[in-house]
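Data from work00.csv: CSV, C-alpha atoms
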chain,number,residue,atom,x,y,z
N,254,MET,CA,85.0,162.9,38.8
N,255,LEU,CA,81.8,161.1,39.7
N,256,ARG,CA,78.2,162.4,39.8
N,257,VAL,CA,76.5,160.3,42.5
N,258,LEU,CA,73.0,159.7,43.7
N,259,ALA,CA,72.7,158.0,47.1
N,260,VAL,CA,69.4,156.3,47.9
N,261,ASP,CA,68.3,155.3,51.5
N,262,ASP,CA,64.9,155.6,53.2
N,263,GLU,CA,66.6,156.1,56.6
N,264,LYS,CA,67.4,159.8,56.8
N,265,PRO,CA,70.3,159.6,59.3
N,266,LEU,CA,72.0,156.9,57.3
N,267,LEU,CA,71.5,158.8,54.0
N,268,GLU,CA,73.0,162.0,55.6
N,269,GLU,CA,76.1,160.1,56.8
N,270,LEU,CA,76.6,158.4,53.4
N,271,LEU,CA,76.3,161.8,51.6
N,272,TYR,CA,78.8,163.3,54.1
N,273,LEU,CA,81.3,160.6,53.3
N,274,LEU,CA,80.8,160.7,49.6
N,275,ARG,CA,81.1,164.5,49.5
N,276,SER,CA,84.4,164.2,51.4
N,277,ASP,CA,85.9,162.1,48.6
N,278,PRO,CA,87.9,164.3,46.1
N,279,ARG,CA,86.9,161.9,43.3
N,280,VAL,CA,83.2,162.8,43.8
N,281,ARG,CA,82.1,165.9,41.9
N,282,SER,CA,78.6,165.9,43.3
N,283,ALA,CA,76.5,163.7,45.6
N,284,GLU,CA,72.7,164.1,45.9
N,285,GLY,CA,70.3,162.1,48.0
N,286,ALA,CA,66.9,160.4,47.5
N,287,GLY,CA,64.8,159.2,50.4
N,288,ASP,CA,62.8,156.5,48.7
N,289,ALA,CA,62.6,154.4,45.5
N,290,THR,CA,60.1,156.7,43.8
N,291,GLU,CA,62.2,159.8,44.2
N,292,ALA,CA,65.3,157.8,43.1
N,293,LEU,CA,63.6,156.6,39.9
N,294,ARG,CA,62.4,160.1,39.1
N,295,ARG,CA,66.0,161.5,39.4
N,296,ILE,CA,67.5,158.6,37.4
N,297,THR,CA,64.9,158.9,34.6
N,298,ARG,CA,65.6,162.6,34.4
N,299,ALA,CA,69.4,161.9,34.2
N,300,LEU,CA,68.9,159.2,31.5
N,301,ASP,CA,66.7,161.6,29.4
N,302,ALA,CA,69.4,164.3,29.7
N,303,GLY,CA,72.1,161.9,28.5
N,304,PRO,CA,75.5,161.2,30.1
N,305,ASP,CA,76.7,164.7,29.5
N,306,GLY,CA,73.6,166.5,30.7
N,307,ALA,CA,73.4,168.7,33.7
N,308,ASP,CA,71.4,166.1,35.6
N,309,GLY,CA,73.7,163.2,34.7
N,310,ILE,CA,74.3,160.5,37.2
N,311,ASP,CA,77.4,158.2,37.0
N,312,VAL,CA,76.8,156.0,40.0
N,313,VAL,CA,73.9,155.1,42.3
N,314,PHE,CA,74.7,154.1,45.8
N,315,LEU,CA,71.6,152.1,46.6
N,316,ASP,CA,70.1,150.6,49.8
N,317,ILE,CA,68.3,147.3,49.3
N,318,HIS,CA,65.6,147.2,52.0
N,319,MET,CA,63.2,150.2,51.4
N,320,ALA,CA,59.5,150.7,51.6
N,321,GLY,CA,57.9,149.9,48.2
N,322,LEU,CA,60.4,149.0,45.6
N,323,THR,CA,63.6,147.5,46.9
N,324,GLY,CA,67.1,148.4,45.7
N,325,LEU,CA,67.2,145.2,43.7
N,326,ASP,CA,64.0,146.1,42.0
N,327,ILE,CA,65.5,149.5,41.0
N,328,ALA,CA,68.6,147.7,39.7
N,329,LYS,CA,66.5,145.3,37.6
N,330,LEU,CA,64.6,148.3,36.0
N,331,LEU,CA,67.9,150.1,35.2
N,332,ALA,CA,69.3,147.0,33.6
N,333,GLY,CA,66.8,147.5,30.7
N,334,PHE,CA,68.4,150.8,29.7
N,335,ALA,CA,71.2,151.1,27.1
N,336,ARG,CA,73.5,153.2,29.3
N,337,PRO,CA,72.3,153.0,32.9
N,338,PRO,CA,74.4,154.5,35.8
N,339,LEU,CA,76.6,152.1,37.7
N,340,ILE,CA,75.2,150.5,40.9
N,341,VAL,CA,76.9,150.2,44.3
N,342,PHE,CA,74.7,148.5,46.9
N,343,VAL,CA,74.9,149.8,50.4
N,344,THR,CA,73.1,147.5,52.8
N,345,ALA,CA,73.0,146.0,56.3
N,346,HIS,CA,72.3,142.5,54.9
N,347,GLU,CA,74.9,140.1,53.5
N,348,GLY,CA,72.5,137.7,52.0
N,349,PHE,CA,71.9,139.5,48.7
N,350,ALA,CA,75.4,139.7,47.4
N,351,VAL,CA,74.9,137.0,44.7
N,352,GLN,CA,71.8,138.7,43.4
N,353,ALA,CA,73.6,142.1,43.5
N,354,PHE,CA,76.5,140.9,41.4
N,355,ASP,CA,74.2,139.1,39.0
N,356,LEU,CA,72.8,142.5,38.3
N,357,LYS,CA,76.3,143.8,37.4
N,358,ALA,CA,76.8,145.8,40.6
N,359,VAL,CA,80.1,147.4,40.9
N,360,ASP,CA,80.4,146.7,44.6
N,361,TYR,CA,78.5,145.6,47.7
N,362,VAL,CA,79.2,147.6,50.8
N,363,LEU,CA,77.9,146.6,54.2
N,364,LYS,CA,76.6,149.0,56.9
N,365,PRO,CA,77.7,150.6,59.0
N,366,VAL,CA,79.8,152.2,56.2
N,367,ARG,CA,83.4,152.8,56.9
N,368,PRO,CA,85.2,155.5,55.0
N,369,GLU,CA,88.0,153.2,53.7
N,370,ARG,CA,85.4,150.7,52.5
N,371,LEU,CA,83.4,153.4,50.7
N,372,ALA,CA,86.6,154.8,49.2
N,373,GLU,CA,87.2,151.4,47.7
N,374,ALA,CA,83.7,151.4,46.1
N,375,VAL,CA,84.4,154.8,44.6
N,376,ARG,CA,87.7,153.5,43.2
N,377,ARG,CA,86.0,150.6,41.6
N,378,ALA,CA,83.4,152.9,40.0
N,379,CYS,CA,86.1,155.2,38.7
N,380,ALA,CA,88.0,152.3,37.3
N,381,GLN,CA,85.0,150.9,35.5
N,382,LEU,CA,83.9,154.3,34.1
N,383,GLY,CA,87.5,154.9,32.9
N,384,ARG,CA,87.8,151.4,31.6
N,385,ALA,CA,90.9,150.9,33.7
N,386,GLU,CA,92.6,147.6,33.5
N,387,GLU,CA,92.1,145.4,36.5
N,388,PRO,CA,93.4,141.9,37.2
N,389,PRO,CA,91.0,139.3,35.6
N,390,ARG,CA,88.8,137.4,38.0
N,391,PRO,CA,88.5,133.6,37.7
N,392,ALA,CA,85.3,132.0,36.7
N,393,GLY,CA,82.6,132.4,39.4
N,394,ALA,CA,84.7,135.2,40.8
N,395,LEU,CA,82.2,136.5,43.3
N,396,ALA,CA,84.6,135.3,46.0
N,397,ALA,CA,87.3,137.6,44.5
N,398,VAL,CA,85.2,140.6,45.3
N,399,PRO,CA,85.8,141.5,48.9
N,400,VAL,CA,82.5,141.6,50.9
N,401,GLN,CA,83.1,143.4,54.2
N,402,ARG,CA,81.7,141.9,57.4
N,403,PRO,CA,79.6,144.3,59.4
N,404,SER,CA,81.8,146.2,61.8
N,405,ALA,CA,80.6,146.9,65.3
N,406,PRO,CA,77.9,149.6,65.4
N,407,GLU,CA,78.4,152.9,67.2
N,408,VAL,CA,76.5,151.6,70.2
N,409,ALA,CA,79.4,149.2,70.8
N,410,VAL,CA,82.0,152.0,71.0
N,411,PRO,CA,82.7,152.4,74.7
N,412,GLU,CA,82.5,155.7,76.5
N,413,ARG,CA,85.9,156.9,77.5
N,414,THR,CA,84.6,157.9,81.0
N,415,ALA,CA,81.2,157.9,82.7
N,416,ASP,CA,80.9,161.6,81.9
N,417,GLN,CA,81.4,161.3,78.1
N,418,ILE,CA,79.8,159.6,75.2
N,419,ALA,CA,81.7,158.5,72.0
N,420,VAL,CA,80.3,159.8,68.7
N,421,GLU,CA,81.6,159.0,65.3
N,422,LEU,CA,81.5,161.0,62.1
N,423,GLY,CA,83.4,160.2,58.9
N,424,GLY,CA,85.6,157.6,60.7
N,425,VAL,CA,86.7,160.1,63.4
N,426,THR,CA,85.6,159.3,67.0
N,427,ARG,CA,85.0,162.2,69.3
N,428,PHE,CA,84.1,162.3,73.0
N,429,VAL,CA,81.2,164.6,73.9
N,430,ALA,CA,80.6,165.6,77.6
N,431,ILE,CA,77.2,164.5,78.7
N,432,ALA,CA,76.9,167.7,80.6
N,433,ASP,CA,77.0,169.6,77.3
N,434,ILE,CA,74.0,167.8,75.8
N,435,VAL,CA,70.9,169.9,75.9
N,436,HIS,CA,68.4,167.5,74.4
N,437,VAL,CA,68.2,164.3,72.5
N,438,GLU,CA,66.0,163.5,69.5
N,439,ALA,CA,65.0,160.0,68.3
N,440,GLN,CA,65.7,159.2,64.7
N,441,GLY,CA,64.7,155.6,64.2
N,442,ASP,CA,67.2,153.3,65.9
N,443,TYR,CA,69.5,156.3,66.2
N,444,ALA,CA,69.6,159.3,68.5
N,445,ARG,CA,70.7,162.8,67.7
N,446,LEU,CA,72.5,164.6,70.5
N,447,HIS,CA,72.0,168.3,70.5
N,448,THR,CA,74.6,170.6,72.2
N,449,ASP,CA,75.0,174.4,72.1
N,450,GLU,CA,77.6,174.0,69.3
N,451,GLY,CA,75.8,171.5,67.1
N,452,SER,CA,74.6,167.9,67.0
N,453,HIS,CA,75.9,164.4,66.8
N,454,LEU,CA,74.3,161.1,65.6
N,455,VAL,CA,74.8,157.9,67.6
N,456,ARG,CA,73.4,154.4,67.0
N,457,ILE,CA,71.7,154.1,70.4
N,458,PRO,CA,67.9,154.1,70.8
N,459,LEU,CA,66.4,156.9,72.8
N,460,SER,CA,64.9,154.5,75.3
N,461,THR,CA,68.5,153.2,76.1
N,462,LEU,CA,69.7,156.8,76.8
N,463,GLU,CA,66.6,157.5,78.8
N,464,GLU,CA,67.4,154.7,81.1
N,465,ARG,CA,71.1,155.3,81.2
N,466,TRP,CA,70.9,159.1,81.8
N,467,ALA,CA,67.9,159.3,84.2
N,468,ALA,CA,70.2,159.8,87.2
N,469,ARG,CA,71.9,162.7,85.3
N,470,GLY,CA,68.7,164.7,85.1
N,471,PHE,CA,67.5,163.7,81.6
N,472,VAL,CA,63.7,163.3,81.4
N,473,ARG,CA,61.5,162.0,78.6
N,474,ILE,CA,59.0,164.7,77.4
N,475,HIS,CA,57.8,163.0,74.2
N,476,ARG,CA,58.3,159.8,72.3
N,477,ARG,CA,60.9,161.6,70.2
N,478,HIS,CA,62.6,163.9,72.9
N,479,LEU,CA,64.7,163.5,75.9
N,480,VAL,CA,65.7,166.7,77.7
N,481,ALA,CA,68.2,167.8,80.3
N,482,LEU,CA,66.0,169.1,83.0
N,483,ALA,CA,68.5,171.8,84.1
N,484,ARG,CA,68.7,173.2,80.6
N,485,ILE,CA,64.9,173.9,80.3
N,486,ASP,CA,64.5,177.7,80.1
N,487,GLU,CA,60.7,177.9,79.8
N,488,LEU,CA,57.6,175.8,80.2
N,489,ARG,CA,54.8,177.0,78.0
N,490,LEU,CA,51.0,176.2,78.2
N,491,ASP,CA,48.9,177.2,75.3
N,492,ALA,CA,45.3,176.1,74.7
N,493,GLY,CA,46.0,172.8,76.6
N,494,ALA,CA,49.3,172.1,74.7
N,495,THR,CA,52.6,172.0,76.6
N,496,SER,CA,56.0,172.8,75.2
N,497,VAL,CA,59.4,173.7,76.6
N,498,ARG,CA,62.2,176.0,75.4
N,499,VAL,CA,65.7,174.7,75.6
N,500,GLY,CA,68.1,177.2,74.1
N,501,ALA,CA,66.9,178.1,70.6
N,502,ALA,CA,64.7,175.0,70.3
N,503,GLU,CA,61.0,174.7,71.3
N,504,LEU,CA,59.9,171.1,71.9
N,505,GLN,CA,56.4,169.7,72.3
N,506,VAL,CA,55.6,167.8,75.5
N,507,SER,CA,53.2,164.9,75.1
N,508,ARG,CA,50.2,164.8,77.4
N,509,ARG,CA,51.3,161.6,79.1
N,510,HIS,CA,54.6,163.4,80.2
N,511,ALA,CA,53.3,166.9,80.9
N,512,ARG,CA,52.2,166.4,84.5
N,513,GLN,CA,55.4,164.6,85.5
N,514,LEU,CA,57.5,167.3,83.9
N,515,ARG,CA,55.6,170.1,85.7
N,516,ASP,CA,56.1,168.3,89.0
N,517,LEU,CA,59.8,167.9,88.4
N,518,LEU,CA,60.3,171.5,87.4
N,519,MET,CA,58.4,172.7,90.5
N,520,ARG,CA,60.5,170.5,92.7
N,521,GLN,CA,63.7,171.9,91.1
N,522,ALA,CA,62.5,175.4,91.5
N,523,THR,CA,61.7,175.0,95.2
N,524,GLY,CA,65.0,173.3,95.9
Represent the structure from my file as structure tokens, please.
Amino acid sequence: MLRVLAVDDEKPLLEELLYLLRSDPRVRSAEGAGDATEALRRITRALDAGPDGADGIDVVFLDIHMAGLTGLDIAKLLAGFARPPLIVFVTAHEGFAVQAFDLKAVDYVLKPVRPERLAEAVRRACAQLGRAEEPPRPAGALAAVPVQRPSAPEVAVPERTADQIAVELGGVTRFVAIADIVHVEAQGDYARLHTDEGSHLVRIPLSTLEERWAARGFVRIHRRHLVALARIDELRLDAGATSVRVGAAELQVSRRHARQLRDLLMRQATG
């Protein structure tokens, strides 16, 4: 069973990758690192502990484009060690495959990551660690390694009806009623939909949902938050700062949106 470190500086993507890895029965443990510095610290600790140490890492699932050192830089550094962990690149860019395999990468997985494609990367890592026999590749066999074309992002998944939005987790598509969404939080190019039961990540920018759901009573209260007006329980003013309570969450209201929000709530209250 594999001990895995996943490295990505986009938190939503890292969380999704870890979810998929932890769902694979061949993965004993999967930990995450949000940047190259943290990743190198974890890997160095693992190398110091040795392959049988408590902090050992068998495979690093590594993004390429990150702030500071890139995934390729990390792989080059690891190549200087006697027994480095295996590398699987996970990236949104096709153009680095040749460099990746020159660095002895086990696999090159394109985002958005599909469970069956990640499962194949795990299989390759298990085979290499177990020294399993695989069919020999011809010279210059990069073409023999399947490189997946990017599949359609979640934003392209159609809504089943105008009253629902499709969300995807671990390869399973669910349909969430828009009426059940309490507020929406921006996470980069993604948005996290919060309901009373939990949350769901979709690859749709907050600005798109703001425009699409304005007629449904969703209002922007902050650059990071979109709220269902009817689900606001309290409006709070404290030393010039404005916030709202929606369910268990308290969300800040930016100054540029505060007056408009107060006017909307007053109109709603007076019918």
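Atom CA of N:Glu450 is found 29.0 Å from atom CA of N:Val260.
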Taking 6 positions as the minimum chain separation for residues in the same chain, which residues sit within 8 Å of N:Phe471 when counting only C-alpha atoms? Answer as an MDAnalysis selection string.
chainID N and resid 463 479:482
Could you state the separation of atom CA of N:Leu300 and atom CA of N:Pro337 in Å, given to one decimal place?
7.2 Å
Mind pulling up the distance from atom CA of N:Leu382 to atom CA of N:Leu255?
9.1 Å
Leaving out N:Ala432 and any residue of its chain fewer than 3 positions from it, which residues lie within 12 Å of it when counting all atoms listed in the file, given as a list of chain:residue names?
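Returned residues: N:Ala415, N:Asp416, N:Gln417, N:Ile418, N:Phe428, N:Val429, N:Val435, N:His436, N:Leu446, N:His447, N:Thr448, N:Asp449, N:Trp466, N:Arg469, N:Gly470, N:Phe471, N:Val480, N:Ala481, N:Leu482, N:Ala483, N:Arg484.
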Near N:Ala439, within 9 Å and counting only C-alpha atoms, which residues show up once chain neighbours fewer than 3 positions away are dropped, as a ChimeraX atom specification?
/N:442-445,458-460,476-479
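Shortest separation to N:Val313 among N:Arg275, N:Lys364, N:Arg256, N:Arg377 occurs at residue N:Arg256, atoms counted being only C-alpha atoms.
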Quick one: residues within 9 Å of (78.9, 160.6, 67.5) (file frame), counting only C-alpha atoms, please, as a PyMOL selection string.
chain N and resi 407+418-422+425-429+445-446+452-456
Tell me, as number ranges by chain, which residues lie within 12 Å of N:Cys379, counting all atoms listed in the file; anything in the same chain fewer than 6 positions away does not count.
N: 254-257, 278-281, 311-312, 339, 341, 359-360, 372-373, 385-387
Find, counting all atoms listed in the file, the residue in N:Ile485, N:Ala345, N:Ile474, N:Leu356 that gets nearest to N:Arg512.
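Of N:Ile485, N:Ala345, N:Ile474, N:Leu356, the one nearest N:Arg512 is N:Ile474, counting all atoms listed in the file.
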